[in-house]
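A quick write-up on the structure given underneath.
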Amino acid sequence: MMNDIEKVVYTKEELAACVKRLGQQISKDYAGKEIFAVGILKGAVIFFADLVRAIDVPVQLDFMAASSYGDSTQTSGTVKILKDLDFSVEGKHVLIIEDIIDSGLTLNYLLKNFKERKPASVKLCALLDKPERRKVEVKIDYSGFTVPDDFLVGYGLDYAEKYRNLPCIGILKKEIYS
Ligand code: 5GP
Ligand code: MG
Ligand code: MG
């Protein structure tokens, strides 16, 4: 798999340090509260699993699957909820955990959708922020790294469902997807 990587952008160790920092910040901000963590499938699962273990307050786990991409590297602009939550978030402190905010279309849609469900609060934590590609504004409460406009894979991020299990994040060689 590493043969398909042009360049490693974040090593396993850098990702672990980032997760630790985010976990400490979140634990401090939510002290005395309980978090309802929502992982956005499938890209966020690896980050989600590491992050919830770095949080020092009670965390309830749930997942949602939304799609705006398909197998392509370009966004289609439409967001579909493919799998909804198992539980109600009414009165809960929701923390949405996402892999990357790119165009912002997915999270802009999901944040609006969540606010209608009457939670006590909604915040967003994204491992990666790619601001150059933003089409709609999204407020990221907890952000790991700001990245340039490269197509990244690994640590949950896929290309055609591949590379999610890479322990690092890297730039995919252009010849793989062009
Ligand atoms: P949006 O464009 O709606 O902000 O991002 C939607 C989804 O596109 C992200 O959650 C992520 O799954 C995928 N995506 C955006 N940028 C990249 C990237 O550089 N690499 C990969 N593998 N997926 C991406
Ligand atoms: Mg995602
Ligand atoms: Mg994908």
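Residue numbering restarts at 1 in every chain; chains get A, B, ... in the order shown in the structure tokens, and ligands count up from 1 in that same order.
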
Excluding Leu95 of chain A and its own-chain neighbours fewer than 5 positions away, which residues fall within 7 Å of it when counting only C-alpha atoms? Please give them as an MDAnalysis selection string. chainID A and resid 35:38 122:125

Those in segment 108-147 of chain A with alpha helix (DSSP H) from DSSP, as a PyMOL selection string: chain A and resi 108-115

Go ahead and dump the residues you just picked, N, CA, C and O atoms, as a PDB file, in the first residue's frame.
```
ATOM      1  N   ASN A 108     -22.074  21.114   6.677  1.00  0.00           N
ATOM      2  CA  ASN A 108     -23.030  22.215   6.671  1.00  0.00           C
ATOM      3  C   ASN A 108     -24.444  21.633   6.737  1.00  0.00           C
ATOM      4  O   ASN A 108     -25.276  22.081   7.527  1.00  0.00           O
ATOM      5  N   TYR A 109     -24.662  20.596   5.962  1.00  0.00           N
ATOM      6  CA  TYR A 109     -25.963  19.929   5.945  1.00  0.00           C
ATOM      7  C   TYR A 109     -26.228  19.216   7.269  1.00  0.00           C
ATOM      8  O   TYR A 109     -27.290  19.377   7.875  1.00  0.00           O
ATOM      9  N   LEU A 110     -25.258  18.466   7.751  1.00  0.00           N
ATOM     10  CA  LEU A 110     -25.455  17.693   8.988  1.00  0.00           C
ATOM     11  C   LEU A 110     -25.638  18.589  10.205  1.00  0.00           C
ATOM     12  O   LEU A 110     -26.466  18.298  11.071  1.00  0.00           O
ATOM     13  N   LEU A 111     -24.896  19.693  10.275  1.00  0.00           N
ATOM     14  CA  LEU A 111     -25.033  20.606  11.424  1.00  0.00           C
ATOM     15  C   LEU A 111     -26.442  21.185  11.483  1.00  0.00           C
ATOM     16  O   LEU A 111     -27.055  21.249  12.550  1.00  0.00           O
ATOM     17  N   LYS A 112     -26.975  21.581  10.331  1.00  0.00           N
ATOM     18  CA  LYS A 112     -28.354  22.091  10.271  1.00  0.00           C
ATOM     19  C   LYS A 112     -29.333  21.015  10.699  1.00  0.00           C
ATOM     20  O   LYS A 112     -30.256  21.257  11.479  1.00  0.00           O
ATOM     21  N   ASN A 113     -29.119  19.823  10.189  1.00  0.00           N
ATOM     22  CA  ASN A 113     -29.977  18.690  10.495  1.00  0.00           C
ATOM     23  C   ASN A 113     -29.964  18.380  12.001  1.00  0.00           C
ATOM     24  O   ASN A 113     -31.012  18.132  12.606  1.00  0.00           O
ATOM     25  N   PHE A 114     -28.783  18.454  12.610  1.00  0.00           N
ATOM     26  CA  PHE A 114     -28.666  18.162  14.038  1.00  0.00           C
ATOM     27  C   PHE A 114     -29.364  19.207  14.895  1.00  0.00           C
ATOM     28  O   PHE A 114     -29.953  18.881  15.919  1.00  0.00           O
ATOM     29  N   LYS A 115     -29.260  20.475  14.493  1.00  0.00           N
ATOM     30  CA  LYS A 115     -29.863  21.545  15.292  1.00  0.00           C
ATOM     31  C   LYS A 115     -31.380  21.388  15.396  1.00  0.00           C
ATOM     32  O   LYS A 115     -31.979  21.785  16.386  1.00  0.00           O
TER      33      LYS A 115
END
```

Mind listing the residues within 10 Å of ligand 2, only C-alpha atoms and all ligand atoms counted, as number ranges by chain? A: 39-45, 65-69, 97-102, 106-107, 126, 156-158

Take the residues just selected and output them with N, CA and C atoms as a short mmCIF file (atom, residue, chain, number, x, y, z; two decimals), in the first residue's frame.
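That gives us out.cif:
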```
data_model
loop_
_atom_site.label_atom_id
_atom_site.label_comp_id
_atom_site.auth_asym_id
_atom_site.auth_seq_id
_atom_site.Cartn_x
_atom_site.Cartn_y
_atom_site.Cartn_z
N GLY A 39 -19.80 9.72 15.20
CA GLY A 39 -18.76 9.49 14.18
C GLY A 39 -19.41 9.42 12.82
N ILE A 40 -18.79 10.10 11.85
CA ILE A 40 -19.33 10.06 10.49
C ILE A 40 -18.60 8.96 9.71
N LEU A 41 -19.37 7.92 9.40
CA LEU A 41 -18.83 6.75 8.71
C LEU A 41 -18.51 7.06 7.25
N LYS A 42 -17.52 6.39 6.64
CA LYS A 42 -16.62 5.53 7.36
C LYS A 42 -15.30 6.23 7.67
N GLY A 43 -15.07 7.35 6.99
CA GLY A 43 -13.77 8.02 7.07
C GLY A 43 -13.29 8.35 8.48
N ALA A 44 -14.24 8.66 9.38
CA ALA A 44 -13.84 9.12 10.71
C ALA A 44 -13.59 7.99 11.71
N VAL A 45 -13.86 6.74 11.34
CA VAL A 45 -13.83 5.67 12.37
C VAL A 45 -12.50 5.50 13.09
N ALA A 65 -23.93 7.75 8.67
CA ALA A 65 -23.24 7.69 7.37
C ALA A 65 -23.91 8.67 6.43
N ALA A 66 -23.11 9.51 5.83
CA ALA A 66 -23.61 10.48 4.86
C ALA A 66 -22.71 10.42 3.64
N SER A 67 -23.26 10.72 2.50
CA SER A 67 -22.46 10.63 1.29
C SER A 67 -22.63 11.85 0.40
N SER A 68 -21.49 12.43 0.00
CA SER A 68 -21.55 13.49 -1.01
C SER A 68 -20.50 13.22 -2.08
N TYR A 69 -19.84 12.07 -1.98
CA TYR A 69 -18.67 11.82 -2.81
C TYR A 69 -18.72 10.61 -3.75
N ILE A 97 -17.79 14.02 15.06
CA ILE A 97 -16.39 13.72 14.79
C ILE A 97 -16.24 13.30 13.32
N GLU A 98 -15.45 14.10 12.59
CA GLU A 98 -15.32 13.90 11.15
C GLU A 98 -13.85 13.82 10.75
N ASP A 99 -13.59 13.15 9.64
CA ASP A 99 -12.21 13.02 9.17
C ASP A 99 -11.67 14.32 8.58
N ILE A 100 -12.40 14.88 7.62
CA ILE A 100 -11.89 16.06 6.91
C ILE A 100 -13.04 16.95 6.44
N ILE A 101 -12.84 18.25 6.56
CA ILE A 101 -13.81 19.21 6.03
C ILE A 101 -13.18 19.79 4.77
N ASP A 102 -13.83 19.50 3.65
CA ASP A 102 -13.30 19.85 2.33
C ASP A 102 -14.18 20.96 1.74
N THR A 106 -21.04 18.47 3.35
CA THR A 106 -21.55 17.41 4.21
C THR A 106 -21.87 17.94 5.61
N LEU A 107 -20.89 18.63 6.21
CA LEU A 107 -21.07 19.09 7.58
C LEU A 107 -22.03 20.27 7.69
N ALA A 126 -12.95 18.05 13.70
CA ALA A 126 -12.46 17.46 12.44
C ALA A 126 -10.96 17.30 12.51
N GLY A 156 -8.15 6.18 8.00
CA GLY A 156 -9.60 6.27 7.78
C GLY A 156 -9.98 6.80 6.41
N LEU A 157 -9.13 7.64 5.83
CA LEU A 157 -9.44 8.24 4.52
C LEU A 157 -9.16 7.24 3.40
N ASP A 158 -10.11 7.15 2.47
CA ASP A 158 -9.98 6.14 1.42
C ASP A 158 -9.83 6.74 0.03
#
```

So which residues touch Phe87 of chain A within 10 Å, counting only C-alpha atoms, skipping near sequence neighbours fewer than 3 positions away, as an NGL selection string? :A and (36 or 60-63 or 84 or 90)

As number ranges by chain, please: all residues of chain A that backbone DSSP puts in strand (DSSP E or B). A: 5-10, 35-41, 59-67, 80-83, 93-101, 121-129, 142-146, 152-154, 157, 159, 162, 169-172

With only C-alpha atoms and all ligand atoms as the atoms that count, which of A:Gly91, A:Lys173, A:Ser178, A:Tyr159 lies nearest to ligand 3? A:Tyr159

Env of Pro167 of chain A: 10 Å cut, atoms = only C-alpha atoms, seq-sep filter 4 positions within chain, self excluded. Answer as a list in words.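 Residues meeting the cut-off are Tyr10, Thr11, Lys12, Glu13, Leu15, Ile46, Gly154, Tyr155, Gly156 and Tyr163 of chain A.
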
Saved selection, atoms kept: C-alpha atoms, as a compact mmCIF listing (two decimals), in the first residue's frame:
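Saved to part_34.txt:
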```txt
# COMPACT_ATOMS: atom_id res chain seq x y z
CA TYR A 10 1.39 12.96 9.00
CA THR A 11 3.13 10.01 10.66
CA LYS A 12 1.46 7.69 13.14
CA GLU A 13 3.29 9.56 15.94
CA LEU A 15 -1.43 11.77 14.53
CA ILE A 46 -10.11 5.37 13.00
CA GLY A 154 -4.89 6.73 5.27
CA TYR A 155 -6.00 6.81 8.92
CA GLY A 156 -9.60 6.27 7.78
CA TYR A 163 -6.01 2.72 2.18
```

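Ranking A:Val79, A:Leu152, A:Leu166, A:Ile176 by their shortest atom-to-atom distance to ligand 3, with only C-alpha atoms and all ligand atoms included, puts A:Leu152 first.
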
Straight-line distance linking atom CA of Leu85 of chain A with atom CA of Glu34 of chain A, stated in Å to one decimal: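 Straight-line distance from atom CA of Leu85 of chain A to atom CA of Glu34 of chain A works out to 17.4 Å.
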
Nearby residues (only C-alpha atoms) at most 10 Å from Ser103 of chain A, same-chain spacing under 5 positions excluded, as a PyMOL selection string: chain A and resi 68+74-75+77+108+129-138

Choose the residue, out of A:Lys80, A:Lys20, A:Arg117, A:Lys92, that has the smallest atom-to-atom separation from Leu51 of chain A; count only C-alpha atoms.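 Comparing A:Lys80, A:Lys20, A:Arg117, A:Lys92 against Leu51 of chain A, the winner is A:Lys20.
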
Using only C-alpha atoms and all ligand atoms, which of the listed residues (A:Val147, A:Ala160, A:Ala54, A:Leu105) sits closest to ligand 1?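 Checking each candidate against ligand 1, we get A:Leu105 as the closest.
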
Report as an NGL selection string all protein, DNA and RNA residues lying within 7 Å of Ile26 of chain A, evaluated on only C-alpha atoms, omitting residues in the same chain fewer than 4 positions from it. :A and (22 or 30 or 55)

Separation of atom CA of Lys28 of chain A from atom 12 (O, counted along the ligand's line) of ligand 1 in Å: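 Separation of atom 12 (O, counted along the ligand's line) of ligand 1 and atom CA of Lys28 of chain A: 27.9 Å.
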
From A:Arg164, A:Tyr177, A:Arg53, A:Val94, residue lying nearest Met2 of chain A [only C-alpha atoms]: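 Of A:Arg164, A:Tyr177, A:Arg53, A:Val94, the one nearest Met2 of chain A is A:Arg164, counting only C-alpha atoms.
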
Top pick for closest residue to ligand 3, considering A:Val8, A:Val153, A:Val57, A:Cys168 and counting only C-alpha atoms and all ligand atoms: A:Val153

Compile the contact shell of Ile5 of chain A as a ChimeraX atom specification: residues with an atom at most 7 Å away, counting only C-alpha atoms, same-chain residues fewer than 2 positions apart removed. /A:2-3,7,170-173
